file run-v6.txt (compact mmCIF, C-alpha atoms and all ligand atoms)
# COMPACT_ATOMS: atom_id res chain seq x y z
CA MET A 170 -15.45 31.26 171.35
CA PHE A 171 -12.08 29.70 170.79
CA VAL A 172 -11.81 26.02 169.99
CA VAL A 173 -8.59 24.07 169.71
CA VAL A 174 -9.37 21.05 167.60
CA ASP A 175 -5.88 19.62 167.86
CA SER A 176 -2.79 21.45 169.06
CA MET A 177 -0.20 18.72 169.00
CA SER A 178 3.22 20.32 168.67
CA ALA A 179 1.73 23.60 167.44
CA LYS A 180 4.29 26.33 166.96
CA LEU A 181 1.54 28.91 166.88
CA LYS A 182 0.72 30.19 170.35
CA VAL A 183 -2.97 29.39 170.20
CA ASN A 184 -3.86 31.34 173.32
CA GLN A 185 -2.63 34.53 171.60
CA LEU A 186 -4.76 34.23 168.47
CA GLN A 187 -7.82 35.92 169.97
CA ASP A 188 -6.44 37.84 172.96
CA GLY A 189 -6.87 41.58 172.46
CA LEU A 190 -8.59 41.17 169.10
CA CYS A 191 -10.51 44.39 168.33
CA THR A 192 -13.32 43.23 166.06
CA LYS A 193 -17.07 43.01 166.28
CA ARG A 194 -17.71 39.82 164.34
CA VAL A 195 -14.62 38.63 162.51
CA GLY A 196 -12.74 36.15 164.69
CA ARG A 197 -15.30 36.11 167.52
CA SER A 198 -15.30 32.35 166.86
CA ILE A 199 -11.93 30.85 166.02
CA LEU A 200 -11.18 27.19 165.48
CA PHE A 201 -7.57 26.06 165.44
CA SER A 202 -6.01 22.86 164.26
CA CYS A 203 -2.39 21.92 164.18
CA ARG A 204 -2.90 20.23 160.83
CA SER A 205 -5.80 20.58 158.43
CA LYS A 206 -6.19 19.29 154.89
CA SER A 207 -7.33 22.73 153.79
CA THR A 208 -8.78 25.47 155.96
CA ASN A 209 -11.05 26.44 153.02
CA GLU A 210 -12.53 22.95 152.92
CA TRP A 211 -12.94 22.98 156.68
CA ALA A 212 -14.61 26.40 156.65
CA LYS A 213 -16.97 25.41 153.82
CA LYS A 214 -18.09 22.38 155.80
CA LEU A 215 -18.73 24.50 158.90
CA ALA A 216 -20.58 27.10 156.85
CA THR A 217 -22.79 24.39 155.38
CA TYR A 218 -23.66 23.34 158.94
CA GLY A 219 -24.60 26.95 159.72
CA ALA A 220 -21.45 28.52 161.20
CA GLU A 221 -22.03 32.22 161.70
CA GLU A 222 -20.53 35.11 159.77
CA GLY A 223 -17.08 35.99 161.05
CA THR A 224 -16.07 32.45 162.03
CA VAL A 225 -12.38 31.84 161.32
CA VAL A 226 -10.50 28.57 161.04
CA ILE A 227 -6.73 28.49 161.19
CA ALA A 228 -4.19 25.71 160.89
CA ALA A 229 -0.47 25.55 161.63
CA THR A 230 0.00 23.50 158.49
CA GLN A 231 -2.17 22.22 155.64
CA THR A 232 -1.64 18.86 154.02
CA ARG A 233 -3.70 19.62 150.91
CA GLY A 234 -3.82 23.40 150.77
CA ARG A 235 -5.64 24.62 147.69
CA GLY A 236 -4.83 27.47 145.34
CA ARG A 237 -6.70 29.02 142.44
CA LEU A 238 -7.63 27.03 139.36
CA GLY A 239 -7.32 23.71 141.18
CA ARG A 240 -3.65 24.17 142.01
CA ARG A 241 -2.04 22.97 145.19
CA TRP A 242 -0.86 25.43 147.80
CA ASP A 243 2.19 24.43 149.80
CA SER A 244 1.60 25.27 153.44
CA PRO A 245 4.59 24.52 155.67
CA THR A 246 4.68 25.29 159.39
CA GLY A 247 5.52 28.93 160.01
CA GLY A 248 3.01 30.27 157.48
CA LEU A 249 -0.31 31.88 158.20
CA TRP A 250 -3.10 29.71 156.75
CA PHE A 251 -6.64 30.68 157.60
CA SER A 252 -10.16 30.99 156.19
CA LEU A 253 -12.95 33.37 157.09
CA ILE A 254 -16.68 32.68 156.69
CA LEU A 255 -18.76 35.62 155.46
CA ARG A 256 -22.47 35.85 154.69
CA PRO A 257 -22.86 39.13 152.80
CA LYS A 258 -26.32 40.15 151.69
CA LEU A 259 -25.14 40.74 148.15
CA ASN A 260 -25.68 39.18 144.79
CA PRO A 261 -22.98 36.70 143.66
CA ARG A 262 -21.45 39.16 141.21
CA GLU A 263 -20.83 41.71 143.97
CA ALA A 264 -19.69 39.09 146.48
CA SER A 265 -17.01 37.86 144.07
CA LYS A 266 -15.21 41.16 144.68
CA LEU A 267 -14.34 40.06 148.22
CA THR A 268 -11.06 38.74 146.79
CA PHE A 269 -10.03 42.37 146.27
CA VAL A 270 -11.10 43.30 149.81
CA ALA A 271 -8.83 40.58 151.22
CA GLY A 272 -5.92 41.41 148.90
CA LEU A 273 -6.10 45.05 149.91
CA ALA A 274 -6.24 44.15 153.62
CA VAL A 275 -3.07 42.05 153.39
CA THR A 276 -1.25 44.64 151.26
CA GLN A 277 -2.05 47.50 153.63
CA VAL A 278 -1.01 45.51 156.71
CA LEU A 279 2.29 44.38 155.18
CA ARG A 280 3.08 47.98 154.21
CA GLU A 281 2.02 49.57 157.50
CA VAL A 282 3.32 47.01 159.97
CA PHE A 283 6.54 45.95 158.25
CA GLY A 284 7.24 48.85 155.89
CA LEU A 285 7.34 46.44 152.94
CA ASN A 286 6.67 47.59 149.41
CA ALA A 287 3.74 45.19 149.04
CA GLU A 288 1.77 45.29 145.79
CA THR A 289 -1.55 43.89 144.66
CA LYS A 290 -1.57 41.70 141.59
CA TRP A 291 -4.71 40.82 139.64
CA PRO A 292 -6.71 38.95 140.60
CA ASN A 293 -5.74 37.61 144.01
CA ASP A 294 -2.05 37.91 144.82
CA VAL A 295 0.10 40.09 147.00
CA LEU A 296 3.69 40.53 145.89
CA VAL A 297 6.80 41.92 147.50
CA ASN A 298 9.74 42.76 145.22
CA GLY A 299 7.96 41.00 142.37
CA ARG A 300 7.54 37.72 144.25
CA LYS A 301 4.38 36.23 145.65
CA ILE A 302 4.05 36.48 149.43
CA CYS A 303 0.31 35.87 149.78
CA GLY A 304 -2.48 34.18 147.86
CA ILE A 305 -6.21 34.46 148.38
CA LEU A 306 -8.84 31.91 147.48
CA ALA A 307 -12.44 33.10 147.83
CA GLU A 308 -15.10 30.43 147.30
CA MET A 309 -18.79 31.13 147.14
CA ASN A 310 -21.89 29.07 147.85
CA THR A 311 -25.15 30.33 146.41
CA ILE A 312 -28.80 29.46 146.72
CA GLY A 313 -30.44 30.60 143.53
CA GLU A 314 -29.42 34.20 143.02
CA THR A 315 -28.46 34.81 146.65
CA VAL A 316 -25.19 34.22 148.42
CA ASN A 317 -25.36 31.63 151.16
CA PHE A 318 -21.73 32.09 152.24
CA VAL A 319 -18.30 33.06 151.00
CA VAL A 320 -15.15 31.48 152.40
CA VAL A 321 -12.15 33.76 152.07
CA GLY A 322 -8.93 31.77 152.39
CA VAL A 323 -5.72 33.66 153.06
CA GLY A 324 -2.24 32.18 152.87
CA VAL A 325 0.74 34.31 153.91
CA ASN A 326 4.27 32.99 153.58
CA ALA A 327 5.58 34.18 156.92
CA ASN A 328 8.13 32.45 159.16
CA PHE A 329 10.01 30.20 156.78
CA ASP A 330 12.66 30.43 154.10
CA VAL A 331 11.01 29.73 150.75
CA GLU A 332 14.12 28.07 149.33
CA LYS A 333 14.15 25.54 152.16
CA ALA A 334 10.44 25.09 152.81
CA LEU A 335 8.83 25.25 149.35
CA PRO A 336 9.43 23.10 146.24
CA GLU A 337 12.37 24.20 144.12
CA GLN A 338 10.32 25.72 141.31
CA LEU A 339 8.65 28.12 143.76
CA GLY A 340 11.93 29.28 145.30
CA LYS A 341 12.39 31.85 142.50
CA VAL A 342 8.83 33.19 142.28
CA ALA A 343 7.75 33.18 145.92
CA THR A 344 9.00 35.05 148.94
CA SER A 345 8.18 35.16 152.65
CA LEU A 346 8.20 37.72 155.44
CA GLU A 347 11.25 35.96 156.85
CA ASN A 348 13.06 36.27 153.51
CA GLU A 349 12.14 39.95 153.12
CA LEU A 350 12.77 41.06 156.70
CA GLY A 351 15.61 38.75 157.66
CA ARG A 352 13.82 37.75 160.88
CA LYS A 353 10.79 35.92 162.12
CA ILE A 354 7.65 37.90 162.89
CA HIS A 355 5.01 37.62 165.63
CA LEU A 356 2.56 35.40 163.72
CA GLU A 357 -0.32 35.65 166.20
CA LYS A 358 -0.13 39.47 166.16
CA LEU A 359 -0.12 39.52 162.36
CA PHE A 360 -3.18 37.24 162.38
CA ARG A 361 -5.09 39.58 164.69
CA THR A 362 -4.10 42.68 162.73
CA LEU A 363 -5.23 41.04 159.49
CA LEU A 364 -8.60 40.10 160.97
CA GLU A 365 -9.11 43.66 162.17
CA ARG A 366 -8.26 45.11 158.75
CA LEU A 367 -10.41 42.53 156.98
CA GLU A 368 -13.36 43.53 159.10
CA ASN A 369 -12.83 47.26 158.49
CA LEU A 370 -12.57 46.87 154.74
CA TYR A 371 -15.46 44.40 154.61
CA GLU A 372 -17.65 46.95 156.40
CA LEU A 373 -16.50 49.69 154.04
CA PHE A 374 -17.33 47.45 151.07
CA LEU A 375 -20.82 46.67 152.41
CA LYS A 376 -21.52 50.31 153.20
CA GLU A 377 -19.97 52.15 150.28
CA GLY A 378 -19.63 49.50 147.60
CA PHE A 379 -16.66 48.38 145.57
CA ASP A 380 -15.36 51.77 144.35
CA PRO A 381 -13.35 52.88 147.42
CA VAL A 382 -11.84 49.40 147.81
CA LEU A 383 -10.94 49.18 144.14
CA GLU A 384 -9.43 52.65 144.14
CA ASP A 385 -7.05 51.75 146.99
CA TRP A 386 -6.36 48.32 145.51
CA LYS A 387 -5.32 49.98 142.23
CA ASN A 388 -3.00 52.39 144.05
CA TYR A 389 -0.87 49.37 144.95
CA ALA A 390 -1.17 47.57 141.61
CA GLY A 391 2.32 47.78 140.13
CA PHE A 392 1.31 45.87 136.99
CA LEU A 393 -1.07 48.61 135.79
CA GLY A 394 0.42 50.67 133.00
CA ARG A 395 2.83 47.88 132.14
CA GLN A 396 3.12 45.26 129.42
CA VAL A 397 1.88 41.90 130.74
CA GLU A 398 1.32 38.38 129.57
CA ILE A 399 -1.98 36.75 130.46
CA THR A 400 -2.39 33.00 130.46
CA GLY A 401 -6.00 31.94 130.28
CA ARG A 402 -7.47 28.45 130.14
CA THR A 403 -6.90 28.15 126.40
CA GLU A 404 -4.72 31.06 125.32
CA LYS A 405 -1.69 33.16 126.13
CA LEU A 406 -1.75 36.83 125.13
CA ILE A 407 0.38 39.91 125.56
CA GLY A 408 -1.13 43.29 126.25
CA PHE A 409 -0.84 46.60 128.02
CA ALA A 410 -2.60 46.61 131.40
CA LEU A 411 -4.97 49.58 131.18
CA ASP A 412 -7.22 49.06 134.16
CA VAL A 413 -9.13 46.82 136.52
CA ASP A 414 -12.75 47.87 136.08
CA ASN A 415 -15.57 48.02 138.60
CA GLU A 416 -16.56 44.45 137.84
CA GLY A 417 -13.07 43.28 138.79
CA ALA A 418 -12.11 42.51 135.19
CA LEU A 419 -8.60 43.15 133.93
CA VAL A 420 -8.68 45.46 130.92
CA LEU A 421 -5.88 44.94 128.41
CA ARG A 422 -4.99 46.63 125.14
CA LEU A 423 -3.77 43.73 123.04
CA GLU A 424 -0.95 43.90 120.51
CA ASP A 425 -3.42 44.33 117.63
CA GLY A 426 -4.90 47.38 119.38
CA THR A 427 -8.14 45.77 120.53
CA ILE A 428 -9.31 46.26 124.10
CA ARG A 429 -10.35 43.14 125.97
CA ARG A 430 -11.63 42.38 129.45
CA PHE A 431 -10.53 39.27 131.32
CA PHE A 432 -12.24 37.64 134.27
CA VAL A 433 -9.90 34.66 134.69
CA GLY A 434 -6.20 34.18 134.08
CA ASP A 435 -2.66 34.45 135.36
CA VAL A 436 -0.74 37.60 134.76
CA SER A 437 3.01 38.03 134.58
CA LEU A 438 5.02 41.13 133.82
CA GLN A 439 6.81 41.32 130.50
CA ALA A 440 10.47 42.33 130.66
C1 LIG A 501 -3.65 31.17 145.16
O1 LIG A 501 -2.83 32.08 145.11
O2 LIG A 501 -3.74 30.34 144.26
C2 LIG A 501 -4.58 31.08 146.35
C3 LIG A 501 -3.91 30.45 147.53
C4 LIG A 501 -4.80 30.41 148.75
C5 LIG A 501 -4.17 29.66 149.89
C6 LIG A 501 -4.97 29.74 151.16
S1 LIG A 501 -4.11 29.10 152.55
C7 LIG A 501 -5.56 29.12 153.50
C8 LIG A 501 -6.69 28.69 152.60
N1 LIG A 501 -6.82 27.25 152.58
C9 LIG A 501 -6.57 26.74 151.38
O3 LIG A 501 -6.62 25.53 151.08
N2 LIG A 501 -6.25 27.71 150.53
C10 LIG A 501 -6.31 29.02 151.14
call {"tool": "encode", "arguments": {"input": "run-v6.txt", "output": "structure tokens"}}
result
Amino acid sequence: MFVVVDSMSAKLKVNQLQDGLCTKRVGRSILFSCRSKSTNEWAKKLATYGAEEGTVVIAATQTRGRGRLGRRWDSPTGGLWFSLILRPKLNPREASKLTFVAGLAVTQVLREVFGLNAETKWPNDVLVNGRKICGILAEMNTIGETVNFVVVGVGVNANFDVEKALPEQLGKVATSLENELGRKIHLEKLFRTLLERLENLYELFLKEGFDPVLEDWKNYAGFLGRQVEITGRTEKLIGFALDVDNEGALVLRLEDGTIRRFFVGDVSLQA
């Protein structure tokens, strides 16, 4: 099923979003809108009404795109902004690791398709040359101790120049495929490839658990073994990034020698 909710002046070629897609469930239903407030909000609403696992919503632009920790996510035309509905039969603690599944999928695709030196950054970023190219926002809905649905939102800075299309303060910390490659890419093809990889890694995660995903994710984690600064809700600390453990926690050795695990925070590399 492919539904175009509104395609006014869409630059995305909507008829190419599903054509030739090689997946079993992911992207079998796709809804497209030229402009959405936030594809995560849209997907959550659909999931609440019973949308099936694998449903994807995609927008050419978002007017109120959302990032982690209540931040806004700028989503100009030319980017890839979509959200995927999943209904894993897992407990909430396990399902929260889907952020890593999505981060790994994007990292692998950017490396394989474009030859970019993409890296994973805890907990939910993909970087190229130290700048953020993709962010992931996974949101869960639970009923008691069971997961009702997870919405995995993926935002890839693709066909725009960050200095022109994003606010000034992001120009230095963000990058895009166009900035890295010096050309525009085939957005619809990237979308399909990402859905295929997401499905493969999701199946691997369901079948074999978190370990194989985490192992690959860590292979691309350039911040491990480096000195980092972590900004939490109430504190800012410096430490040596020892590991990301099998609960998805960042393990740091702090300056006073103590070892601490973090579940929330923003990490930046120390010079
Ligand atoms: C972050 O790095 O803070 C997460 C950013 C996630 C952005 C994507 S774009 C598609 C989806 N819809 C949203 O409103 N957010 C996510």
call {"tool": "closest_atom_pairs", "arguments": {"input": "run-v6.txt", "of": "chain A", "to": "ligand LIG 501 (chain A)", "cutoff": "6 Å", "atoms": "only C-alpha atoms and all ligand atoms", "output": "CSV"}}
result
residue,atom,partner,partner_atom,distance
A:Ser207,CA,A:LIG501,O3,4.0
A:Thr208,CA,A:LIG501,N1,4.3
A:Asn209,CA,A:LIG501,N1,4.3
A:Gly234,CA,A:LIG501,O3,3.5
A:Arg235,CA,A:LIG501,O3,3.6
A:Gly236,CA,A:LIG501,O2,3.3
A:Arg237,CA,A:LIG501,O2,3.7
A:Trp242,CA,A:LIG501,C5,5.8
A:Trp250,CA,A:LIG501,C7,4.1
A:Phe251,CA,A:LIG501,C7,4.5
A:Ser252,CA,A:LIG501,C8,5.5
A:Asp294,CA,A:LIG501,O1,5.9
A:Gly304,CA,A:LIG501,O1,3.5
A:Ile305,CA,A:LIG501,C2,4.3
A:Leu306,CA,A:LIG501,C2,4.5
A:Gly322,CA,A:LIG501,C8,3.8
A:Val323,CA,A:LIG501,C6,4.4
A:Gly324,CA,A:LIG501,S1,3.6
call {"tool": "residues_around", "arguments": {"input": "run-v6.txt", "residues": "Thr315 in chain A", "least_positions_apart": "6", "cutoff": "8 Å", "atoms": "only C-alpha atoms", "output": "count of residues only"}}
result
4
call {"tool": "atom_distance", "arguments": {"input": "run-v6.txt", "atom1": "CA of Thr192 in chain A", "atom2": "CA of Thr289 in chain A"}}
result
24.4 Å
call {"tool": "residues_around", "arguments": {"input": "run-v6.txt", "residues": "Pro381 in chain A", "least_positions_apart": "2", "cutoff": "12 Å", "atoms": "only C-alpha atoms", "output": "PDB file with C-alpha atoms, in the coordinates of the input"}}
result
ATOM      1  CA  PHE A 269     -10.030  42.370 146.270  1.00  0.00           C
ATOM      2  CA  VAL A 270     -11.100  43.300 149.810  1.00  0.00           C
ATOM      3  CA  LEU A 273      -6.100  45.050 149.910  1.00  0.00           C
ATOM      4  CA  LEU A 370     -12.570  46.870 154.740  1.00  0.00           C
ATOM      5  CA  TYR A 371     -15.460  44.400 154.610  1.00  0.00           C
ATOM      6  CA  GLU A 372     -17.650  46.950 156.400  1.00  0.00           C
ATOM      7  CA  LEU A 373     -16.500  49.690 154.040  1.00  0.00           C
ATOM      8  CA  PHE A 374     -17.330  47.450 151.070  1.00  0.00           C
ATOM      9  CA  LEU A 375     -20.820  46.670 152.410  1.00  0.00           C
ATOM     10  CA  LYS A 376     -21.520  50.310 153.200  1.00  0.00           C
ATOM     11  CA  GLU A 377     -19.970  52.150 150.280  1.00  0.00           C
ATOM     12  CA  GLY A 378     -19.630  49.500 147.600  1.00  0.00           C
ATOM     13  CA  PHE A 379     -16.660  48.380 145.570  1.00  0.00           C
ATOM     14  CA  LEU A 383     -10.940  49.180 144.140  1.00  0.00           C
ATOM     15  CA  GLU A 384      -9.430  52.650 144.140  1.00  0.00           C
ATOM     16  CA  ASP A 385      -7.050  51.750 146.990  1.00  0.00           C
ATOM     17  CA  TRP A 386      -6.360  48.320 145.510  1.00  0.00           C
ATOM     18  CA  LYS A 387      -5.320  49.980 142.230  1.00  0.00           C
ATOM     19  CA  ASN A 388      -3.000  52.390 144.050  1.00  0.00           C
ATOM     20  CA  ASN A 415     -15.570  48.020 138.600  1.00  0.00           C
TER      21      ASN A 415
END
call {"tool": "closest_residue", "arguments": {"input": "run-v6.txt", "among": "A:Ala264, A:Ala274, A:Val282, A:Leu238", "to": "Gly434 in chain A", "atoms": "all atoms listed in the file"}}
result
A:Leu238
call {"tool": "decode", "arguments": {"input": "run-v6.txt", "residues": "range 245-256 of chain A", "atoms": "all heavy atoms", "output": "PDB file, in the first residue's frame"}}
result
ATOM      1  N   PRO A 245      14.807  20.682   6.466  1.00  0.00           N
ATOM      2  CA  PRO A 245      14.525  21.336   5.180  1.00  0.00           C
ATOM      3  C   PRO A 245      14.266  20.323   4.055  1.00  0.00           C
ATOM      4  O   PRO A 245      14.629  19.144   4.173  1.00  0.00           O
ATOM      5  CB  PRO A 245      15.809  22.125   4.906  1.00  0.00           C
ATOM      6  CG  PRO A 245      16.872  21.430   5.681  1.00  0.00           C
ATOM      7  CD  PRO A 245      16.210  20.826   6.884  1.00  0.00           C
ATOM      8  N   THR A 246      13.691  20.797   2.975  1.00  0.00           N
ATOM      9  CA  THR A 246      13.501  19.960   1.788  1.00  0.00           C
ATOM     10  C   THR A 246      14.872  19.469   1.320  1.00  0.00           C
ATOM     11  O   THR A 246      15.853  20.199   1.398  1.00  0.00           O
ATOM     12  CB  THR A 246      12.869  20.796   0.647  1.00  0.00           C
ATOM     13  OG1 THR A 246      11.804  21.526   1.208  1.00  0.00           O
ATOM     14  CG2 THR A 246      12.363  19.940  -0.480  1.00  0.00           C
ATOM     15  N   GLY A 247      14.898  18.240   0.845  1.00  0.00           N
ATOM     16  CA  GLY A 247      16.170  17.674   0.390  1.00  0.00           C
ATOM     17  C   GLY A 247      16.713  16.659   1.386  1.00  0.00           C
ATOM     18  O   GLY A 247      17.584  15.859   1.057  1.00  0.00           O
ATOM     19  N   GLY A 248      16.169  16.677   2.617  1.00  0.00           N
ATOM     20  CA  GLY A 248      16.596  15.680   3.608  1.00  0.00           C
ATOM     21  C   GLY A 248      15.708  14.454   3.545  1.00  0.00           C
ATOM     22  O   GLY A 248      14.682  14.447   2.853  1.00  0.00           O
ATOM     23  N   LEU A 249      16.118  13.433   4.259  1.00  0.00           N
ATOM     24  CA  LEU A 249      15.319  12.212   4.321  1.00  0.00           C
ATOM     25  C   LEU A 249      14.748  12.123   5.727  1.00  0.00           C
ATOM     26  O   LEU A 249      15.494  11.908   6.692  1.00  0.00           O
ATOM     27  CB  LEU A 249      16.231  11.016   4.021  1.00  0.00           C
ATOM     28  CG  LEU A 249      15.573   9.678   3.720  1.00  0.00           C
ATOM     29  CD1 LEU A 249      14.561   9.802   2.595  1.00  0.00           C
ATOM     30  CD2 LEU A 249      16.642   8.664   3.337  1.00  0.00           C
ATOM     31  N   TRP A 250      13.437  12.314   5.861  1.00  0.00           N
ATOM     32  CA  TRP A 250      12.782  12.372   7.174  1.00  0.00           C
ATOM     33  C   TRP A 250      11.680  11.320   7.197  1.00  0.00           C
ATOM     34  O   TRP A 250      10.670  11.485   6.516  1.00  0.00           O
ATOM     35  CB  TRP A 250      12.182  13.771   7.428  1.00  0.00           C
ATOM     36  CG  TRP A 250      12.985  14.928   6.898  1.00  0.00           C
ATOM     37  CD1 TRP A 250      12.580  15.855   5.981  1.00  0.00           C
ATOM     38  CD2 TRP A 250      14.329  15.311   7.260  1.00  0.00           C
ATOM     39  NE1 TRP A 250      13.571  16.787   5.757  1.00  0.00           N
ATOM     40  CE2 TRP A 250      14.663  16.473   6.523  1.00  0.00           C
ATOM     41  CE3 TRP A 250      15.288  14.794   8.134  1.00  0.00           C
ATOM     42  CZ2 TRP A 250      15.900  17.114   6.625  1.00  0.00           C
ATOM     43  CZ3 TRP A 250      16.519  15.421   8.227  1.00  0.00           C
ATOM     44  CH2 TRP A 250      16.804  16.559   7.495  1.00  0.00           C
ATOM     45  N   PHE A 251      11.927  10.256   7.934  1.00  0.00           N
ATOM     46  CA  PHE A 251      10.892   9.222   7.964  1.00  0.00           C
ATOM     47  C   PHE A 251      10.844   8.520   9.322  1.00  0.00           C
ATOM     48  O   PHE A 251      11.782   8.600  10.117  1.00  0.00           O
ATOM     49  CB  PHE A 251      11.085   8.196   6.832  1.00  0.00           C
ATOM     50  CG  PHE A 251      12.286   7.297   6.973  1.00  0.00           C
ATOM     51  CD1 PHE A 251      12.192   6.055   7.602  1.00  0.00           C
ATOM     52  CD2 PHE A 251      13.515   7.677   6.454  1.00  0.00           C
ATOM     53  CE1 PHE A 251      13.297   5.212   7.723  1.00  0.00           C
ATOM     54  CE2 PHE A 251      14.627   6.847   6.578  1.00  0.00           C
ATOM     55  CZ  PHE A 251      14.516   5.622   7.200  1.00  0.00           C
ATOM     56  N   SER A 252       9.723   7.826   9.557  1.00  0.00           N
ATOM     57  CA  SER A 252       9.534   7.082  10.809  1.00  0.00           C
ATOM     58  C   SER A 252       8.920   5.724  10.495  1.00  0.00           C
ATOM     59  O   SER A 252       8.038   5.611   9.635  1.00  0.00           O
ATOM     60  CB  SER A 252       8.602   7.851  11.753  1.00  0.00           C
ATOM     61  OG  SER A 252       9.126   9.144  12.010  1.00  0.00           O
ATOM     62  N   LEU A 253       9.409   4.745  11.239  1.00  0.00           N
ATOM     63  CA  LEU A 253       9.013   3.350  11.022  1.00  0.00           C
ATOM     64  C   LEU A 253       8.315   2.823  12.279  1.00  0.00           C
ATOM     65  O   LEU A 253       8.803   3.027  13.389  1.00  0.00           O
ATOM     66  CB  LEU A 253      10.299   2.545  10.748  1.00  0.00           C
ATOM     67  CG  LEU A 253      10.279   1.035  10.875  1.00  0.00           C
ATOM     68  CD1 LEU A 253       9.371   0.418   9.808  1.00  0.00           C
ATOM     69  CD2 LEU A 253      11.705   0.483  10.714  1.00  0.00           C
ATOM     70  N   ILE A 254       7.177   2.165  12.071  1.00  0.00           N
ATOM     71  CA  ILE A 254       6.443   1.583  13.208  1.00  0.00           C
ATOM     72  C   ILE A 254       6.847   0.114  13.380  1.00  0.00           C
ATOM     73  O   ILE A 254       6.769  -0.665  12.425  1.00  0.00           O
ATOM     74  CB  ILE A 254       4.915   1.674  12.977  1.00  0.00           C
ATOM     75  CG1 ILE A 254       4.472   3.139  12.873  1.00  0.00           C
ATOM     76  CG2 ILE A 254       4.152   0.947  14.088  1.00  0.00           C
ATOM     77  CD1 ILE A 254       3.034   3.332  12.421  1.00  0.00           C
ATOM     78  N   LEU A 255       7.286  -0.229  14.586  1.00  0.00           N
ATOM     79  CA  LEU A 255       7.634  -1.623  14.882  1.00  0.00           C
ATOM     80  C   LEU A 255       6.831  -2.097  16.090  1.00  0.00           C
ATOM     81  O   LEU A 255       6.488  -1.289  16.969  1.00  0.00           O
ATOM     82  CB  LEU A 255       9.137  -1.744  15.176  1.00  0.00           C
ATOM     83  CG  LEU A 255      10.067  -1.410  14.004  1.00  0.00           C
ATOM     84  CD1 LEU A 255      11.521  -1.399  14.445  1.00  0.00           C
ATOM     85  CD2 LEU A 255       9.867  -2.377  12.837  1.00  0.00           C
ATOM     86  N   ARG A 256       6.555  -3.394  16.118  1.00  0.00           N
ATOM     87  CA  ARG A 256       5.837  -3.970  17.261  1.00  0.00           C
ATOM     88  C   ARG A 256       6.584  -5.214  17.738  1.00  0.00           C
ATOM     89  O   ARG A 256       6.079  -6.343  17.614  1.00  0.00           O
ATOM     90  CB  ARG A 256       4.395  -4.318  16.858  1.00  0.00           C
ATOM     91  CG  ARG A 256       3.548  -3.084  16.470  1.00  0.00           C
ATOM     92  CD  ARG A 256       2.109  -3.474  16.209  1.00  0.00           C
ATOM     93  NE  ARG A 256       1.295  -2.349  15.754  1.00  0.00           N
ATOM     94  CZ  ARG A 256       0.708  -1.470  16.565  1.00  0.00           C
ATOM     95  NH1 ARG A 256       0.855  -1.574  17.869  1.00  0.00           N
ATOM     96  NH2 ARG A 256      -0.023  -0.484  16.069  1.00  0.00           N
TER      97      ARG A 256
END
